Amino acid sequence: MNPVESRPLRYFVAVAEELSFTRAAERLGIAAPALSRAISGLEADLGVRLLERSTRSVALTEPGAALLSDARAALLALDAASRRARRSAGVTGGKLVLAVKADVEGGLLEDVLAAYRAEHAAVPIEVMFTGWREQPGLLRTGAADVAIIIEPFDSEGLDTEPLLSEPQLLALPTAHPLAERPRLRLADIEAGHQRVDPGAYVYVRSGEHRPGFGDMVQMLRQIELGRMLALFPLSLAQRNARPQLTWRSVDDAPEAAFAVAWPQSSKSLAVAAFVRAATAVSAARNNSQLADAR
């Protein structure tokens, strides 16, 4: 059996996703006969039939379905490695890309950056502000090297270290009836609203759909307009006082848990230095809060 190269794997994934040699060829920018020959060569190298072809349809065989999942993962890892290599070549000593969602980093960002720059293995760092739930994908594709992220999140292929936890407050329009209460419970919110995101505490009125938003500014604006309610970390609430927003404690709301995350495949000394800096800063913050509570 011959070693499998990346190009025929890309061709196979395209055909498997399109289930059409014509559409896959258009997507790849090659001629359909050349694509067909490449797939036949891949099948010969592997010694299995990957696709059932007829004049009207294309279908995956059982070995083809098994290969598709692994091929996607392999190509994703190859693309990520290529991005990191190109990025490293662009700066003497390389650079580190940190993905954070604006305002959702537990108030750690400035202190962590300062601690990281003092690390021996530190390289220039670029802070990439992301949208809603973009960080895990950016880490897996190699667009980012490390992230400060709020749990829960899709951790497939990622390593993580916990940082700190803090209370969450409910953001709601100032004119909302619940804003008149000094403290709330989740049942008070759920009496007239439904959660629309199992991974976050985002609520809309019963029977309605979640409005669109791409970042924190848009999210808070949707709340101001009365289209949704949401729980946010205390540190974010403290930085976002707005006349049209009211923040309320929710006694039985879960705490917001922050973590640092990076690809499991990473061997970067700069990533390791950033993780050390982030965990050291969060440990010092946690110890200070414990001392204040005594």
# chains A, B, ... in the order shown; residues from 1 in each chain; ligands from 1
>>> select_by_dssp(residues="segment 221-286 of chain A", states="strand (DSSP E)", output="list in words")
Leu229, Ala230, Leu231, Phe232, Pro233, Leu245, Thr246, Trp247, Arg248, Ser249, Val250, Ala256, Ala257, Phe258, Ala259, Val260, Ala261, Trp262 and Pro263 of chain A
>>> residues_around(residues="segment 207-218 of chain A", least_positions_apart="5", cutoff="7 Å", atoms="only C-alpha atoms", output="PyMOL selection string")
chain A and resi 102+131-132+196+227
>>> closest_residue(among="A:Phe274, A:Tyr201, A:Phe258, A:Trp247", to="Gly107 of chain A", atoms="only C-alpha atoms")
A:Phe258
>>> atom_distance(atom1="atom CA of Gln264 of chain A", atom2="atom CA of Glu110 of chain A")
25.3 Å
>>> residues_around(residues="Thr174 of chain A", least_positions_apart="6", cutoff="8 Å", atoms="only C-alpha atoms", output="list in words")
Glu224, Pro243, Gln244, Leu245 and Thr246 of chain A
>>> residues_around(residues="Arg140 of chain A", least_positions_apart="2", cutoff="9 Å", atoms="only C-alpha atoms", output="PyMOL selection string")
chain A and resi 76-77+80+135-138+142-145+156-158+262-263
>>> residues_around(residues="Leu234 of chain A", least_positions_apart="2", cutoff="6 Å", atoms="only C-alpha atoms", output="list in words")
Pro167, Gln168, Leu236 and Ala237 of chain A
>>> closest_residue(among="A:Leu178, A:Val15, A:Val260, A:Leu172", to="Gly106 of chain A", atoms="only C-alpha atoms")
A:Val260
>>> select_by_dssp(residues="segment 125-228 of chain A", states="alpha helix (DSSP H)", output="list in words")
Gln135, Pro136, Gly137, Leu138, Leu139, Arg140, Thr141, Leu186, Ala187, Asp188, Ile189, Glu190, Met216, Val217, Gln218, Met219, Leu220, Arg221, Gln222, Ile223 and Glu224 of chain A
>>> closest_residue(among="A:Tyr11, A:Phe232, A:Phe153, A:Phe129", to="Leu28 of chain A", atoms="only C-alpha atoms")
A:Tyr11
